[in-house]
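> After the structure tokens below, expect a handful of questions from me.
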Amino acid sequence: MEVIYITIGVSILVAVLFFAAFLKSLKSGQYEDTYTPSVRMLFDDELVKPTKNTKTNNKQ
Amino acid sequence: MDVCYHCGNDCEDNSLKIEQKYFCCNGCKTVFEILHQSELNCYYDFEKTPGSIPNDIKEKYGYLDHEEIIGKLTSFSDDTTSVVQLYIPTIHCSSCIWILENLHKLNDGIVTSTVNFPDKTVRFTYKNKAITLREVVELMSSIGYEPYISLDDTEGTKNKVDKTLIYQVSVAAFVFGNVMLLSFPEYFEVDEYWLNQYKYVFRGIMLVMSIPVVFFSARDYFVSAYKGITHRILNIDIPIALGIGVLFVRSVVEVAFDIGSGFFDSLTGLVFFLLLGKFFQKKTYNYLSFERDYKSYFPIAVTKINEDGEESIPLQNIKKRDRLLIRNEELIPVDCILISGNASIDYSFVTGEAVPVVKESGAKLFAGGKQTSGAIEIEVVETIAQSYLTQLWSNDVFAKKTTKSIKNLTDTISKYFTIAILSIATIAGIYWSFIDVRIAVNVVTAVLIIACPCALALSAPFALGNILRIFGLRKFYVKNADTVEHLAKIDAIVFDKTGTLTSTNNSKITYIGTELTADEQVILKCLLRASNHPLSRALYQYLPVDYKKLEVHNFEEVLGKGVAATVGEVSVKFGAATFVGADKARTNNTVIYIQLNGVVKGYYELRNEYRENVPLVFKALAKEYTLVVLSGDNDGEQVYLEKILPKGTQLIFNQKPEDKLNFIKRMQSDKRVLMIGDGLNDAGALMQSNVGISISEDINVFSPACDIIMDAKLFQKLPDYLRYAKKTVLIIKMSFGLSFSYNLVGMYFALTGQLTPVIAAILMPLSSITIVIFVTLCTNLLTKK
């Protein structure tokens with residue numbers, strides 16, 4: 001049953017890793033603006049819209 | 001009538017259009033053209049009518065050419081790139097985000113722009129060789145996103161958000177979760193070979209993990225308890241710190257001497273729940289500012305007129321006798337004398353009075369007014385710190401930093417609570433030491449552990465935190481949790497009049513004189529349309545006839561005076577009394593005189609309209625509170641106010657900002673005062689009062705330092721909000737009762753020496769969670785109706 005030392009060790013190590021990752025994201029300011037990115041990710045498609053299309057749409 | 005494709009306002013006629021799209025004004029049309037040229041049409045796809053009307057800025061941002069000022073505004077700058085963060089009040093939808101993040105398409109000089117929507121800020125990175133800060137700001141303004149730059153931006157460091165609490169909570173949460181799992185096997189107390197062999201490893205890990213919780217996460221409780229003792233105040237943190245300390249020491253001793261498994265689960269859980277309560281209570285509205293003083297209103301620089309031309313100088317460098325040029329829409333930063341130009345000063349920031357005042361040259365102008373008709377030249381009388389308005393801030397009230405500390409509810413109770421548990425622990429210790437010293441130590445520590453007022457300390461934060469959140473959803477923005485408690489204790493309410501009881505948006509217009517025929521009104525309306533003066537616009541909206549385009553000759557608008565023109569056969573003059581040649585009417589309100597063919601017909605009187613629900617609100621409040629109306633104006637409205645307000649309402653007029661402050665101070669000798677105001681002239685009174693509410697038509701723009709910012713549209717809800725605050729305090733008191741009963745149960749186990757880790761681990765979270773559920777449910781139910 002000595003394997004328990006390894007399993008517990010590994011499980012705590014994984015937990016600590018995730019915790020460190022969380023602290024890092026907190027420090028880098030990921031949680032400061034939780035709204036804008038949710039809108040921003042929807043924009044990318046519109047950027048490449050060719051001009052002609054927009055014009056014909058407007059005339060309809 | 002169509003609505004403007006850009007901003008959504010009604011178009012008065014359909015003369016401005018591009019491809020079936022109508023615009024309300026040239027400004028909106030220009031923005032559309034700019035965006036259309038740069039293929040940024042998508043702006044109009046995300047949201048319907050997302051735009052706002054661009055302001056005419058001209059030379060307004062001339063001061064941004066100053067190296068010194070640029071240096072203060074930019075957060076980073078080297079030879080090629082600069083970074084600046086600007087506050088843009090008009091950000092309101094996803095189209096705004098899109099256009100502001102695509103600004104590089106409009107100008108190559110901008111490298112990136114990142115929007116922070118909740119804060120309404122944009123961070124620009126731009127090539128300072130290709131584009132100057134002034135050009136960036138002007139580019140933004142040209143598309144209707146004028147940034148708001150004030151004196152405040154250049155002074156001091158921005159207060160960084162303190163993240164320590166978040167770190168503390170996350171450490172406690174992490175450890176709590178892991179310790180719970182590790183201590184689980186021992187709950188069952190089975191004498192099994194496997195468990196007996198490995199329990200030392202489990203206990204060791206728990207001990208190591210608990211160390212950061214005690215010394216980092218719970219640090220503030222020890223500090224606060226120490227401070228409490230040195231100041232001889234028995235605050236709630238003393239029993240908490242005692243509980244945490246005893247828990248930790250006893251657990252370490254138990255593990256070290258192999259007596260038991262310790263209480264690490266309870267310890268970490270306790271700290272986690274306590275910090276969670278703290279976190280919950282700390283609701284912040286990062287887009288609102290409760291600390292504004294005059295600096296947030298004032299511009300950074302003004303234009304000084306030298307003998308050899310104009311130069312823009314920082315506000316601090318203004319000296320007496322300087323000549324300054326104030327352009328249209330600029331704020332007058334100091335007390336001064338008008339030298340030349342047509343002064344029409346809008347004092348709405350200061351007094352809440354929306355109608356501009358016309359001044360003749362030689363008149364004294366006070367700081368805080370906004371010029372609304374063309375440029376004027378002024379001579380400085382007082383420097384910025386000595387001006388009539390700004391010297392209010394040298395009053396003592398502003399010197400002491402937010403020490404309105406009436407003891408809060410929890411602290412009041414904790415005094416008795418601390419004394420009670422300390423005496424119980426002592427008595428129990430003495431009693432048991434006659435029987436068995438070992439058990440005595442056990443019992444004393446158990447009492448301190450179980451009495452640790454976790455549930456007690458949680459009731460107020462969760463109740464107040466939740467009510468703060470509910471208030472926020474209803475556009476009643478409270479600065480912090482303590483304010484709710486103060487609000488519940490109020491027994492007198494003082495109202496400012498102009499801008500608070502009256503609405504700045506609507507004015508009531510009445511006509512006095514010889515009745516005008518419909519044709520005459522049409523002529524008037526036609527001329528009013530051509531004038532840009534705010535009074536003209538108000539009257540234009542009011543006249544009940546349809547607009548018709550007429551042949552106009554000799555149109556002449558004298559800034560700050562009035563308009564003269566000939567329409568067909570009729571010569572028309574309207575405006576100030578002297579301009580029209582009328583006798584001044586005996587009224588305190590703003591009037592527009594009308595003269596047709598050389599005969600004075602009469603005048604339109606503009607009066608600020610009281611908010612619809614003023615009589616109702618006063619009636620509802622009169623039962624419980626002493627009500628006072630405190631106005632800076634003269635007593636012209638006294639008779640009317642006496643008629644609509646309930647008997648017993650004190651009406652006091654002619655109050656200077658300083659008088660208002662002193663009035664509140666006198667009143668506080670026997671009353672707790674709530675002040676409701678809006679302008680900068682109320683700032684002193686708002687600060688002095690126990691709770692200051694600043695009422696605002698647009699919560700994003702202007703509000704002086706206060707405790708609560710309230711949306712003016714919800715004025716009629718005021719009695720409800722006050723009732724909610726009172727009921728919340730009642731709920732907290734009820735939950736105190738509940739948490740005491742948990743303590744009694746725990747005390748039974750502790751005193752009889754039966755407290756095992758399992759019981760502690762069940763009782764502690766159970767009491768905390770039920771308290772949290774209780775207060776949250778109650779506060780939600782309270783505000784449901």
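Following the order of the structure tokens, chains are lettered A, B, ..., residues in each are numbered from 1, and ligands are numbered from 1.
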Show which residues sit within 12 Å of A:Thr34, as a list in words. Count only C-alpha atoms, and ignore same-chain residues fewer than 3 positions away.

Leu26, Gly29, Gln30, Tyr31, Pro37, Ser38, Val39 and Arg40 of chain A; Val115, Asn116, Phe117, Pro118 and Asp119 of chain B

> Using only C-alpha atoms, determine which residues lie at most 12 Å from A:Phe43, disregarding the query and same-chain residues fewer than 6 positions distant; provide the list as a tab-separated table (two decimals) with N, CA, C and O atoms, in the first residue's frame.


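Done, and the output landed in out_19.tsv:
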chain	number	residue	atom	x	y	z
A	36	THR	N	-16.29	42.59	-21.69
A	36	THR	CA	-15.91	42.96	-23.05
A	36	THR	C	-15.45	41.78	-23.91
A	36	THR	O	-15.87	41.68	-25.06
A	37	PRO	N	-14.60	40.88	-23.40
A	37	PRO	CA	-14.17	39.77	-24.26
A	37	PRO	C	-15.32	38.94	-24.81
A	37	PRO	O	-15.26	38.45	-25.93
A	49	LYS	N	-15.81	41.53	-44.29
A	49	LYS	CA	-16.94	41.74	-45.22
A	49	LYS	C	-16.52	42.67	-46.35
A	49	LYS	O	-16.10	43.80	-46.12
B	42	CYS	N	-20.43	48.22	-40.50
B	42	CYS	CA	-20.90	47.21	-39.55
B	42	CYS	C	-21.34	47.82	-38.23
B	42	CYS	O	-22.11	47.22	-37.50
B	43	TYR	N	-20.83	48.99	-37.98
B	43	TYR	CA	-21.19	49.72	-36.76
B	43	TYR	C	-22.70	49.74	-36.57
B	43	TYR	O	-23.20	49.61	-35.47
B	45	ASP	N	-24.78	47.54	-37.77
B	45	ASP	CA	-25.40	46.21	-37.85
B	45	ASP	C	-25.59	45.56	-36.49
B	45	ASP	O	-26.53	44.81	-36.29
B	46	PHE	N	-24.67	45.83	-35.58
B	46	PHE	CA	-24.75	45.16	-34.27
B	46	PHE	C	-25.95	45.65	-33.48
B	46	PHE	O	-26.66	44.88	-32.86
B	94	SER	N	-22.58	47.08	-27.88
B	94	SER	CA	-21.55	46.30	-28.55
B	94	SER	C	-21.02	47.03	-29.79
B	94	SER	O	-19.86	46.86	-30.15
B	95	SER	N	-21.85	47.84	-30.42
B	95	SER	CA	-21.35	48.63	-31.56
B	95	SER	C	-20.24	49.57	-31.12
B	95	SER	O	-19.27	49.77	-31.85
B	96	CYS	N	-20.40	50.12	-29.92
B	96	CYS	CA	-19.37	51.02	-29.40
B	96	CYS	C	-18.05	50.28	-29.28
B	96	CYS	O	-17.00	50.78	-29.66
B	97	ILE	N	-18.11	49.07	-28.70
B	97	ILE	CA	-16.89	48.29	-28.54
B	97	ILE	C	-16.26	48.05	-29.90
B	97	ILE	O	-15.07	48.24	-30.11
B	98	TRP	N	-17.10	47.67	-30.86
B	98	TRP	CA	-16.58	47.32	-32.17
B	98	TRP	C	-15.88	48.50	-32.83
B	98	TRP	O	-14.76	48.38	-33.29
B	99	ILE	N	-16.55	49.63	-32.86
B	99	ILE	CA	-15.97	50.77	-33.57
B	99	ILE	C	-14.71	51.25	-32.87
B	99	ILE	O	-13.72	51.57	-33.51
B	101	GLU	N	-12.65	49.54	-31.14
B	101	GLU	CA	-11.52	48.61	-31.29
B	101	GLU	C	-11.05	48.53	-32.74
B	101	GLU	O	-10.07	47.88	-33.04
B	102	ASN	N	-11.78	49.19	-33.64
B	102	ASN	CA	-11.35	49.21	-35.04
B	102	ASN	C	-10.89	50.59	-35.47
B	102	ASN	O	-10.89	50.92	-36.66

> Pick out the residues sitting within 12 Å of stretch 16-24 of chain A, and hand them over as a VMD selection string; count only C-alpha atoms, and ignore anything fewer than 5 positions along from it in its own chain.

(chain A and resid 9 to 11 29 to 31) or (chain B and resid 163 to 164 166 to 175 177 to 178 209)

> Find the distance between atom CA of B:Asn442 and atom CA of B:Leu458 and write it in Å to one decimal.

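That distance, rounded to one decimal, is 26.7 Å.
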
> Please return, as a PyMOL selection string, all residues of stretch 621-751 of chain B that DSSP assigns to alpha helix (DSSP H) on the basis of the backbone.

chain B and resi 621-622+638-644+657-667+683-688+718-751
